[in-house]
Amino acid sequence: MTTTPPFPAPQRTVDLTDCDREPIHQLGRVQSYGALLALSTDWIVQHASENLEAILGIPAEAALGRPLHELIVSDGFDRIRQNLRVVELQDGVLRLFNVTMQASGKAFDVSVHGSGRHLIIEFEPKVATRGRDMLAEVYPQISALSRNRDLRSLTRAAARGLQGLCGFDSVMVYQFQPDQSGKVVAEVRKDGQSKYDGLMFPASDIPVQARALYKRALLRLISDVNDPGSPILPGTTLDGQPLDLSLAVTRSVSPI
């Protein structure tokens, strides 16, 4: 028999100090645009994101306990195995593009990294680039960056290059200051206006642990800030801890 307390539990107010304490590397969820598998050292699936069926066509529960080679075609499996040397480096992340993982020939972009005793594999369906040769577009941007000698010119060129490649409405370059505050040192917008260029922000603008992650994981993509994400199953490892997603590109957005 259970009893209901006479009064509801008080709701604690969330403030900025919560941001510094939140374990954002252990949120236990991925963004919905991609799926995640965590493998043991012998390539057995120990964790899978709940949206695996929507992304790969295999229910997460059915993937658990199975070797990876049973879930994806040999071409994709071999390509991942043959390029793992990068993962052996400290904070090394392997990124592969146009990886065939299904018999239908459907392609995925894949990210692989080590997390404790697990090998984390993330993947998202490949989006058609409409005939664009991305490498042909990237190299001129790199060449343009090499011609800039001062920080202001370099950051503005980088912002323009990223905007041209990705089509973002706005691109900012944000510099961490010695006192942990932040400054926008370059901004490029499609409307030609400047809203943040030169502005300073307090250290609390980016929490301490988030700043540390940005220095380790150089790529962070957020598709939709309102996406509730997809939980990782099971929620904890054999040690009773959530997976460490510090280097995971699909890591979900903090609810705070």
# chains A, B, ... in the order shown; residues from 1 in each chain; ligands from 1
call {"tool": "residues_around", "arguments": {"residues": "stretch 104-113 of chain A", "least_positions_apart": "5", "cutoff": "6 Å", "atoms": "only C-alpha atoms", "output": "CSV table (one decimal) with all heavy atoms, in the first residue's frame"}}
result
chain,number,residue,atom,x,y,z
A,87,VAL,N,41.0,7.0,-33.6
A,87,VAL,CA,40.4,6.9,-32.3
A,87,VAL,C,41.4,6.6,-31.2
A,87,VAL,O,41.1,6.9,-30.0
A,87,VAL,CB,39.3,5.8,-32.3
A,87,VAL,CG1,38.6,5.7,-31.0
A,87,VAL,CG2,38.3,6.2,-33.4
A,93,VAL,N,38.7,11.5,-32.7
A,93,VAL,CA,37.3,11.2,-33.2
A,93,VAL,C,37.5,11.0,-34.7
A,93,VAL,O,38.0,11.7,-35.4
A,93,VAL,CB,36.4,12.4,-33.0
A,93,VAL,CG1,35.0,12.1,-33.6
A,93,VAL,CG2,36.2,12.7,-31.5
A,94,LEU,N,36.9,9.8,-35.1
A,94,LEU,CA,36.9,9.4,-36.5
A,94,LEU,C,35.6,9.9,-37.2
A,94,LEU,O,34.6,9.6,-36.6
A,94,LEU,CB,37.1,7.9,-36.6
A,94,LEU,CG,36.8,7.3,-38.0
A,94,LEU,CD1,37.9,7.7,-39.0
A,94,LEU,CD2,36.8,5.8,-37.9
A,95,ARG,N,35.7,10.6,-38.3
A,95,ARG,CA,34.5,11.0,-39.0
A,95,ARG,C,34.6,10.4,-40.4
A,95,ARG,O,35.6,10.6,-41.1
A,95,ARG,CB,34.4,12.5,-39.0
A,95,ARG,CG,34.4,13.1,-37.6
A,95,ARG,CD,33.9,14.5,-37.6
A,95,ARG,NE,34.1,15.1,-36.3
A,95,ARG,CZ,33.5,14.9,-35.2
A,95,ARG,NH1,32.4,14.1,-35.2
A,95,ARG,NH2,33.8,15.5,-34.0
A,96,LEU,N,33.5,9.7,-40.8
A,96,LEU,CA,33.4,9.1,-42.1
A,96,LEU,C,32.2,9.6,-42.8
A,96,LEU,O,31.1,9.8,-42.1
A,96,LEU,CB,33.4,7.6,-42.0
A,96,LEU,CG,34.7,6.9,-41.4
A,96,LEU,CD1,34.4,5.5,-41.1
A,96,LEU,CD2,35.9,7.1,-42.2
A,97,PHE,N,32.2,9.8,-44.1
A,97,PHE,CA,31.1,10.3,-44.8
A,97,PHE,C,30.7,9.3,-45.9
A,97,PHE,O,31.5,8.6,-46.5
A,97,PHE,CB,31.4,11.7,-45.4
A,97,PHE,CG,31.8,12.7,-44.4
A,97,PHE,CD1,33.2,12.9,-44.1
A,97,PHE,CD2,30.9,13.4,-43.6
A,97,PHE,CE1,33.6,13.8,-43.1
A,97,PHE,CE2,31.3,14.3,-42.7
A,97,PHE,CZ,32.6,14.5,-42.4
A,98,ASN,N,29.4,9.3,-46.2
A,98,ASN,CA,28.8,8.4,-47.2
A,98,ASN,C,29.2,6.9,-46.9
A,98,ASN,O,29.7,6.2,-47.8
A,98,ASN,CB,29.4,8.8,-48.6
A,98,ASN,CG,28.8,10.1,-49.1
A,98,ASN,OD1,27.6,10.3,-49.1
A,98,ASN,ND2,29.6,11.0,-49.6
A,99,VAL,N,28.9,6.5,-45.7
A,99,VAL,CA,29.1,5.1,-45.3
A,99,VAL,C,27.9,4.3,-45.5
A,99,VAL,O,26.8,4.7,-45.0
A,99,VAL,CB,29.5,5.0,-43.8
A,99,VAL,CG1,29.7,3.6,-43.4
A,99,VAL,CG2,30.8,5.8,-43.6
A,119,LEU,N,33.2,1.8,-27.3
A,119,LEU,CA,33.4,2.5,-28.6
A,119,LEU,C,32.1,3.1,-29.0
A,119,LEU,O,31.1,2.3,-29.1
A,119,LEU,CB,33.9,1.5,-29.6
A,119,LEU,CG,34.3,2.1,-31.0
A,119,LEU,CD1,35.6,3.0,-30.9
A,119,LEU,CD2,34.5,1.0,-32.0
A,120,ILE,N,32.0,4.4,-29.1
A,120,ILE,CA,30.8,5.1,-29.4
A,120,ILE,C,30.7,5.3,-30.9
A,120,ILE,O,31.6,5.9,-31.5
A,120,ILE,CB,30.7,6.4,-28.7
A,120,ILE,CG1,30.8,6.2,-27.2
A,120,ILE,CG2,29.3,7.1,-29.0
A,120,ILE,CD1,29.7,5.5,-26.5
A,121,ILE,N,29.6,4.8,-31.5
A,121,ILE,CA,29.4,5.0,-33.0
A,121,ILE,C,28.1,5.8,-33.1
A,121,ILE,O,27.0,5.4,-32.7
A,121,ILE,CB,29.3,3.7,-33.7
A,121,ILE,CG1,30.6,2.9,-33.6
A,121,ILE,CG2,29.0,4.0,-35.2
A,121,ILE,CD1,30.6,1.6,-34.4
A,122,GLU,N,28.2,7.0,-33.8
A,122,GLU,CA,27.0,7.8,-34.0
A,122,GLU,C,26.9,7.9,-35.5
A,122,GLU,O,27.8,8.0,-36.3
A,122,GLU,CB,27.2,9.2,-33.4
A,122,GLU,CG,27.5,9.2,-32.0
A,122,GLU,CD,28.0,10.6,-31.5
A,122,GLU,OE1,27.2,11.5,-31.2
A,122,GLU,OE2,29.3,10.8,-31.5
A,123,PHE,N,25.6,8.0,-36.0
A,123,PHE,CA,25.4,8.1,-37.4
A,123,PHE,C,24.1,8.8,-37.7
A,123,PHE,O,23.1,8.8,-36.9
A,123,PHE,CB,25.4,6.7,-38.1
A,123,PHE,CG,24.7,5.7,-37.3
A,123,PHE,CD1,23.3,5.4,-37.5
A,123,PHE,CD2,25.3,5.0,-36.3
A,123,PHE,CE1,22.6,4.5,-36.8
A,123,PHE,CE2,24.6,4.0,-35.6
A,123,PHE,CZ,23.3,3.8,-35.8
A,124,GLU,N,24.1,9.5,-38.8
A,124,GLU,CA,22.9,10.2,-39.3
A,124,GLU,C,22.7,10.0,-40.8
A,124,GLU,O,23.7,9.8,-41.5
A,124,GLU,CB,23.0,11.7,-39.0
A,124,GLU,CG,24.2,12.4,-39.7
A,124,GLU,CD,24.2,13.9,-39.5
A,124,GLU,OE1,23.2,14.6,-39.9
A,124,GLU,OE2,25.1,14.4,-38.9
A,125,PRO,N,21.5,9.9,-41.3
A,125,PRO,CA,21.3,9.7,-42.7
A,125,PRO,C,22.0,10.8,-43.5
A,125,PRO,O,21.9,12.0,-43.2
A,125,PRO,CB,19.8,9.7,-42.8
A,125,PRO,CG,19.3,9.4,-41.5
A,125,PRO,CD,20.2,10.0,-40.5
A,126,LYS,N,22.6,10.4,-44.6
A,126,LYS,CA,23.3,11.4,-45.5
A,126,LYS,C,22.2,12.2,-46.2
A,126,LYS,O,21.3,11.7,-46.8
A,126,LYS,CB,24.1,10.6,-46.5
A,126,LYS,CG,24.9,11.5,-47.4
A,126,LYS,CD,26.0,12.3,-46.7
A,126,LYS,CE,26.8,13.1,-47.7
A,126,LYS,NZ,27.8,13.9,-46.9
call {"tool": "residues_around", "arguments": {"residues": "stretch 73-79 of chain A", "least_positions_apart": "6", "cutoff": "6 Å", "atoms": "only C-alpha atoms", "output": "MDAnalysis selection string"}}
result
chainID A and resid 99:102
call {"tool": "write_last_selection", "arguments": {"atoms": "N, CA, C and O atoms", "output": "mmCIF file, in the first residue's frame"}}
result
data_model
loop_
_atom_site.group_PDB
_atom_site.id
_atom_site.type_symbol
_atom_site.label_atom_id
_atom_site.label_comp_id
_atom_site.auth_asym_id
_atom_site.auth_seq_id
_atom_site.Cartn_x
_atom_site.Cartn_y
_atom_site.Cartn_z
ATOM 1 N N VAL A 99 28.905 6.527 -45.716
ATOM 2 C CA VAL A 99 29.130 5.140 -45.318
ATOM 3 C C VAL A 99 27.852 4.338 -45.546
ATOM 4 O O VAL A 99 26.786 4.689 -45.032
ATOM 5 N N THR A 100 27.941 3.283 -46.328
ATOM 6 C CA THR A 100 26.791 2.411 -46.560
ATOM 7 C C THR A 100 26.633 1.466 -45.370
ATOM 8 O O THR A 100 27.543 0.718 -45.036
ATOM 9 N N MET A 101 25.461 1.520 -44.737
ATOM 10 C CA MET A 101 25.234 0.699 -43.548
ATOM 11 C C MET A 101 24.040 -0.231 -43.701
ATOM 12 O O MET A 101 23.806 -1.083 -42.842
ATOM 13 N N GLN A 102 23.284 -0.072 -44.780
ATOM 14 C CA GLN A 102 22.108 -0.898 -45.010
ATOM 15 C C GLN A 102 22.180 -1.536 -46.381
ATOM 16 O O GLN A 102 22.801 -1.000 -47.305
#
call {"tool": "residues_around", "arguments": {"residues": "A:Leu245", "least_positions_apart": "6", "cutoff": "12 Å", "atoms": "only C-alpha atoms", "output": "short mmCIF file (atom, residue, chain, number, x, y, z; two decimals) with all heavy atoms, in the first residue's frame"}}
result
data_model
loop_
_atom_site.label_atom_id
_atom_site.label_comp_id
_atom_site.auth_asym_id
_atom_site.auth_seq_id
_atom_site.Cartn_x
_atom_site.Cartn_y
_atom_site.Cartn_z
N PRO A 23 25.83 17.91 -15.07
CA PRO A 23 26.75 17.01 -15.79
C PRO A 23 26.34 16.85 -17.25
O PRO A 23 25.76 15.84 -17.65
CB PRO A 23 26.62 15.70 -15.02
CG PRO A 23 25.21 15.72 -14.49
CD PRO A 23 24.91 17.16 -14.18
N ILE A 24 26.61 17.88 -18.07
CA ILE A 24 26.11 17.88 -19.44
C ILE A 24 26.73 16.79 -20.30
O ILE A 24 26.23 16.51 -21.39
CB ILE A 24 26.33 19.26 -20.11
CG1 ILE A 24 27.83 19.62 -20.10
CG2 ILE A 24 25.52 20.33 -19.41
CD1 ILE A 24 28.13 20.90 -20.85
N HIS A 25 27.83 16.18 -19.82
CA HIS A 25 28.45 15.09 -20.59
C HIS A 25 27.78 13.75 -20.30
O HIS A 25 28.13 12.73 -20.89
CB HIS A 25 29.94 15.00 -20.27
CG HIS A 25 30.24 14.67 -18.85
ND1 HIS A 25 29.84 15.47 -17.80
CD2 HIS A 25 30.89 13.62 -18.29
CE1 HIS A 25 30.24 14.93 -16.66
NE2 HIS A 25 30.87 13.80 -16.93
N GLN A 26 26.80 13.74 -19.37
CA GLN A 26 26.12 12.51 -18.99
C GLN A 26 24.60 12.67 -19.06
O GLN A 26 23.87 12.20 -18.19
CB GLN A 26 26.53 12.09 -17.57
CG GLN A 26 27.99 11.70 -17.45
CD GLN A 26 28.35 11.30 -16.04
OE1 GLN A 26 27.83 11.83 -15.07
NE2 GLN A 26 29.25 10.33 -15.91
N LEU A 27 24.11 13.31 -20.10
CA LEU A 27 22.68 13.58 -20.21
C LEU A 27 21.87 12.34 -20.57
O LEU A 27 20.66 12.32 -20.39
CB LEU A 27 22.43 14.68 -21.25
CG LEU A 27 22.97 16.07 -20.89
CD1 LEU A 27 22.71 17.05 -22.02
CD2 LEU A 27 22.35 16.58 -19.60
N GLY A 28 22.53 11.31 -21.13
CA GLY A 28 21.83 10.06 -21.42
C GLY A 28 20.87 10.12 -22.59
O GLY A 28 20.00 9.25 -22.73
N ARG A 29 21.04 11.11 -23.45
CA ARG A 29 20.15 11.26 -24.61
C ARG A 29 20.95 11.76 -25.80
O ARG A 29 22.00 12.39 -25.64
CB ARG A 29 19.01 12.26 -24.32
CG ARG A 29 18.23 11.98 -23.06
CD ARG A 29 17.18 13.04 -22.81
NE ARG A 29 16.04 12.90 -23.70
CZ ARG A 29 15.00 12.12 -23.43
NH1 ARG A 29 14.96 11.42 -22.32
NH2 ARG A 29 13.98 12.04 -24.26
N VAL A 30 20.43 11.48 -26.99
CA VAL A 30 21.01 12.04 -28.21
C VAL A 30 19.95 12.87 -28.92
O VAL A 30 18.76 12.70 -28.70
CB VAL A 30 21.54 10.94 -29.17
CG1 VAL A 30 22.65 10.16 -28.51
CG2 VAL A 30 20.41 10.01 -29.60
N LEU A 36 22.78 6.45 -31.86
CA LEU A 36 24.04 6.11 -31.20
C LEU A 36 24.06 4.65 -30.78
O LEU A 36 23.04 4.12 -30.31
CB LEU A 36 24.24 7.01 -29.98
CG LEU A 36 25.48 6.78 -29.10
CD1 LEU A 36 25.98 8.11 -28.51
CD2 LEU A 36 25.20 5.79 -27.97
N LEU A 37 25.21 4.02 -30.96
CA LEU A 37 25.47 2.69 -30.44
C LEU A 37 26.75 2.75 -29.60
O LEU A 37 27.72 3.43 -29.98
CB LEU A 37 25.68 1.68 -31.58
CG LEU A 37 24.48 1.37 -32.48
CD1 LEU A 37 24.92 0.49 -33.64
CD2 LEU A 37 23.37 0.69 -31.69
N ALA A 38 26.75 2.05 -28.48
CA ALA A 38 27.95 1.93 -27.64
C ALA A 38 28.34 0.47 -27.62
O ALA A 38 27.54 -0.40 -27.23
CB ALA A 38 27.69 2.45 -26.24
N ASP A 91 41.44 11.99 -27.20
CA ASP A 91 40.26 12.70 -27.69
C ASP A 91 40.11 12.57 -29.20
O ASP A 91 39.52 13.43 -29.86
CB ASP A 91 40.31 14.19 -27.30
CG ASP A 91 40.14 14.40 -25.80
OD1 ASP A 91 39.65 13.47 -25.13
OD2 ASP A 91 40.49 15.48 -25.31
N VAL A 112 32.96 8.23 -34.81
CA VAL A 112 33.38 7.15 -33.92
C VAL A 112 34.41 7.69 -32.93
O VAL A 112 35.35 8.39 -33.33
CB VAL A 112 34.00 5.97 -34.70
CG1 VAL A 112 34.32 4.82 -33.76
CG2 VAL A 112 33.07 5.51 -35.83
N HIS A 113 34.26 7.37 -31.66
CA HIS A 113 35.26 7.75 -30.66
C HIS A 113 35.20 6.79 -29.48
O HIS A 113 34.23 6.04 -29.30
CB HIS A 113 35.05 9.19 -30.18
CG HIS A 113 33.84 9.38 -29.31
ND1 HIS A 113 32.57 9.59 -29.83
CD2 HIS A 113 33.69 9.36 -27.96
CE1 HIS A 113 31.71 9.72 -28.84
NE2 HIS A 113 32.36 9.59 -27.69
N GLY A 114 36.25 6.79 -28.68
CA GLY A 114 36.29 5.97 -27.48
C GLY A 114 35.75 6.73 -26.29
O GLY A 114 35.98 7.93 -26.14
N SER A 115 35.05 6.02 -25.41
CA SER A 115 34.52 6.61 -24.19
C SER A 115 34.66 5.57 -23.08
O SER A 115 33.84 4.66 -22.97
CB SER A 115 33.05 7.01 -24.36
OG SER A 115 32.51 7.50 -23.13
N GLY A 116 35.72 5.70 -22.29
CA GLY A 116 35.98 4.69 -21.27
C GLY A 116 36.23 3.34 -21.93
O GLY A 116 37.08 3.21 -22.80
N HIS A 118 34.06 1.82 -23.78
CA HIS A 118 33.12 1.69 -24.90
C HIS A 118 33.66 2.37 -26.15
O HIS A 118 34.42 3.33 -26.09
CB HIS A 118 31.77 2.32 -24.55
CG HIS A 118 31.03 1.61 -23.45
ND1 HIS A 118 31.17 1.95 -22.12
CD2 HIS A 118 30.16 0.57 -23.49
CE1 HIS A 118 30.41 1.17 -21.39
NE2 HIS A 118 29.79 0.32 -22.19
N LEU A 119 33.24 1.85 -27.28
CA LEU A 119 33.44 2.50 -28.57
C LEU A 119 32.09 3.07 -28.97
O LEU A 119 31.12 2.32 -29.13
CB LEU A 119 33.94 1.50 -29.61
CG LEU A 119 34.32 2.09 -30.98
CD1 LEU A 119 35.57 2.96 -30.85
CD2 LEU A 119 34.54 0.99 -32.01
N ILE A 120 32.04 4.38 -29.12
CA ILE A 120 30.78 5.06 -29.43
C ILE A 120 30.70 5.29 -30.94
O ILE A 120 31.61 5.87 -31.53
CB ILE A 120 30.67 6.40 -28.70
CG1 ILE A 120 30.84 6.23 -27.20
CG2 ILE A 120 29.34 7.07 -29.02
CD1 ILE A 120 29.74 5.46 -26.53
N ILE A 121 29.63 4.82 -31.54
CA ILE A 121 29.39 5.04 -32.97
C ILE A 121 28.08 5.82 -33.12
O ILE A 121 27.03 5.40 -32.66
CB ILE A 121 29.30 3.71 -33.74
CG1 ILE A 121 30.61 2.94 -33.61
CG2 ILE A 121 28.98 3.96 -35.21
CD1 ILE A 121 30.63 1.61 -34.37
N GLU A 122 28.19 6.98 -33.76
CA GLU A 122 27.02 7.82 -34.03
C GLU A 122 26.85 7.93 -35.54
O GLU A 122 27.84 7.96 -36.28
CB GLU A 122 27.20 9.21 -33.44
CG GLU A 122 27.52 9.23 -31.96
CD GLU A 122 28.03 10.59 -31.53
OE1 GLU A 122 27.20 11.46 -31.23
OE2 GLU A 122 29.27 10.77 -31.53
N LEU A 213 34.33 21.31 -22.39
CA LEU A 213 33.98 20.38 -23.46
C LEU A 213 34.28 20.97 -24.83
O LEU A 213 34.72 20.26 -25.74
CB LEU A 213 32.50 20.00 -23.37
CG LEU A 213 32.10 18.97 -22.32
CD1 LEU A 213 30.62 18.62 -22.46
CD2 LEU A 213 32.94 17.71 -22.46
N ARG A 216 37.73 20.32 -25.86
CA ARG A 216 38.03 18.92 -26.20
C ARG A 216 37.35 18.50 -27.49
O ARG A 216 37.98 17.91 -28.37
CB ARG A 216 37.56 18.01 -25.07
CG ARG A 216 38.34 18.11 -23.78
CD ARG A 216 37.82 17.09 -22.79
NE ARG A 216 37.97 15.73 -23.31
CZ ARG A 216 37.30 14.68 -22.83
NH1 ARG A 216 36.42 14.83 -21.85
NH2 ARG A 216 37.50 13.48 -23.35
N ALA A 217 36.06 18.77 -27.60
CA ALA A 217 35.28 18.36 -28.77
C ALA A 217 35.10 19.58 -29.67
O ALA A 217 34.32 20.48 -29.35
CB ALA A 217 33.92 17.81 -28.32
N ARG A 220 30.45 20.70 -32.52
CA ARG A 220 29.22 20.57 -31.74
C ARG A 220 28.06 21.06 -32.60
O ARG A 220 28.04 22.21 -33.03
CB ARG A 220 29.33 21.41 -30.46
CG ARG A 220 28.03 21.54 -29.68
CD ARG A 220 27.66 20.24 -29.02
NE ARG A 220 26.61 20.42 -28.03
CZ ARG A 220 25.58 19.61 -27.87
NH1 ARG A 220 25.46 18.55 -28.67
NH2 ARG A 220 24.69 19.80 -26.94
N ILE A 232 19.12 6.95 -24.32
CA ILE A 232 20.01 5.84 -24.57
C ILE A 232 19.64 4.68 -23.66
O ILE A 232 19.45 4.86 -22.45
CB ILE A 232 21.48 6.26 -24.33
CG1 ILE A 232 21.87 7.36 -25.33
CG2 ILE A 232 22.42 5.07 -24.47
CD1 ILE A 232 23.22 7.98 -25.05
N ARG A 251 25.21 14.47 -28.87
CA ARG A 251 24.80 14.65 -27.48
C ARG A 251 23.65 15.64 -27.39
O ARG A 251 23.65 16.71 -27.98
CB ARG A 251 25.99 15.15 -26.65
CG ARG A 251 25.65 15.52 -25.22
CD ARG A 251 26.93 15.73 -24.42
NE ARG A 251 27.88 16.62 -25.08
CZ ARG A 251 27.86 17.95 -24.96
NH1 ARG A 251 26.93 18.54 -24.22
NH2 ARG A 251 28.77 18.67 -25.57
N SER A 252 22.64 15.27 -26.60
CA SER A 252 21.43 16.08 -26.51
C SER A 252 21.70 17.43 -25.86
O SER A 252 22.71 17.63 -25.18
CB SER A 252 20.37 15.31 -25.72
OG SER A 252 19.13 15.99 -25.77
N VAL A 253 20.78 18.34 -26.06
CA VAL A 253 20.89 19.68 -25.49
C VAL A 253 20.46 19.64 -24.03
O VAL A 253 19.50 18.97 -23.66
CB VAL A 253 20.01 20.67 -26.27
CG1 VAL A 253 20.10 22.07 -25.69
CG2 VAL A 253 20.42 20.68 -27.75
#
call {"tool": "closest_residue", "arguments": {"among": "A:Asp205, A:Leu68, A:Ser40, A:Asp169", "to": "A:Ile80", "atoms": "only C-alpha atoms"}}
result
A:Leu68
call {"tool": "residues_around", "arguments": {"residues": "stretch 64-67 of chain A", "least_positions_apart": "4", "cutoff": "7 Å", "atoms": "only C-alpha atoms", "output": "list in words"}}
result
Trp43, Ile44, Val45, Gln46, His47, Ala48 and Ala60 of chain A
call {"tool": "write_last_selection", "arguments": {"atoms": "N, CA, C and O atoms", "output": "compact mmCIF listing (two decimals), in the first residue's frame"}}
result
# COMPACT_ATOMS: atom_id res chain seq x y z
N TRP A 43 33.10 -5.61 -29.72
CA TRP A 43 32.18 -5.11 -30.73
C TRP A 43 30.74 -5.62 -30.54
O TRP A 43 30.01 -5.79 -31.50
N ILE A 44 30.35 -5.83 -29.30
CA ILE A 44 28.97 -6.20 -28.98
C ILE A 44 28.22 -4.95 -28.53
O ILE A 44 28.74 -4.16 -27.73
N VAL A 45 27.02 -4.74 -29.04
CA VAL A 45 26.24 -3.56 -28.70
C VAL A 45 25.76 -3.66 -27.25
O VAL A 45 25.07 -4.59 -26.87
N GLN A 46 26.17 -2.69 -26.44
CA GLN A 46 25.76 -2.65 -25.04
C GLN A 46 24.74 -1.55 -24.75
O GLN A 46 24.01 -1.62 -23.78
N HIS A 47 24.74 -0.52 -25.60
CA HIS A 47 23.78 0.58 -25.45
C HIS A 47 23.33 1.01 -26.84
O HIS A 47 24.11 0.96 -27.80
N ALA A 48 22.09 1.44 -26.95
CA ALA A 48 21.56 1.93 -28.22
C ALA A 48 20.55 3.03 -27.94
O ALA A 48 19.78 2.94 -26.96
N ALA A 60 15.89 -0.68 -30.96
CA ALA A 60 17.02 -0.61 -30.03
C ALA A 60 17.12 -1.88 -29.19
O ALA A 60 18.22 -2.42 -28.99
call {"tool": "atom_distance", "arguments": {"atom1": "atom CA of A:Asn51", "atom2": "atom CA of A:Asn83"}}
result
26.0 Å
call {"tool": "closest_residue", "arguments": {"among": "A:Lys183, A:Thr41, A:Phe176, A:Leu71", "to": "A:Glu53", "atoms": "only C-alpha atoms"}}
result
A:Leu71
call {"tool": "closest_residue", "arguments": {"among": "A:Gly240, A:Gly235, A:Gly161, A:Gly229", "to": "A:Tyr139", "atoms": "only C-alpha atoms"}}
result
A:Gly161
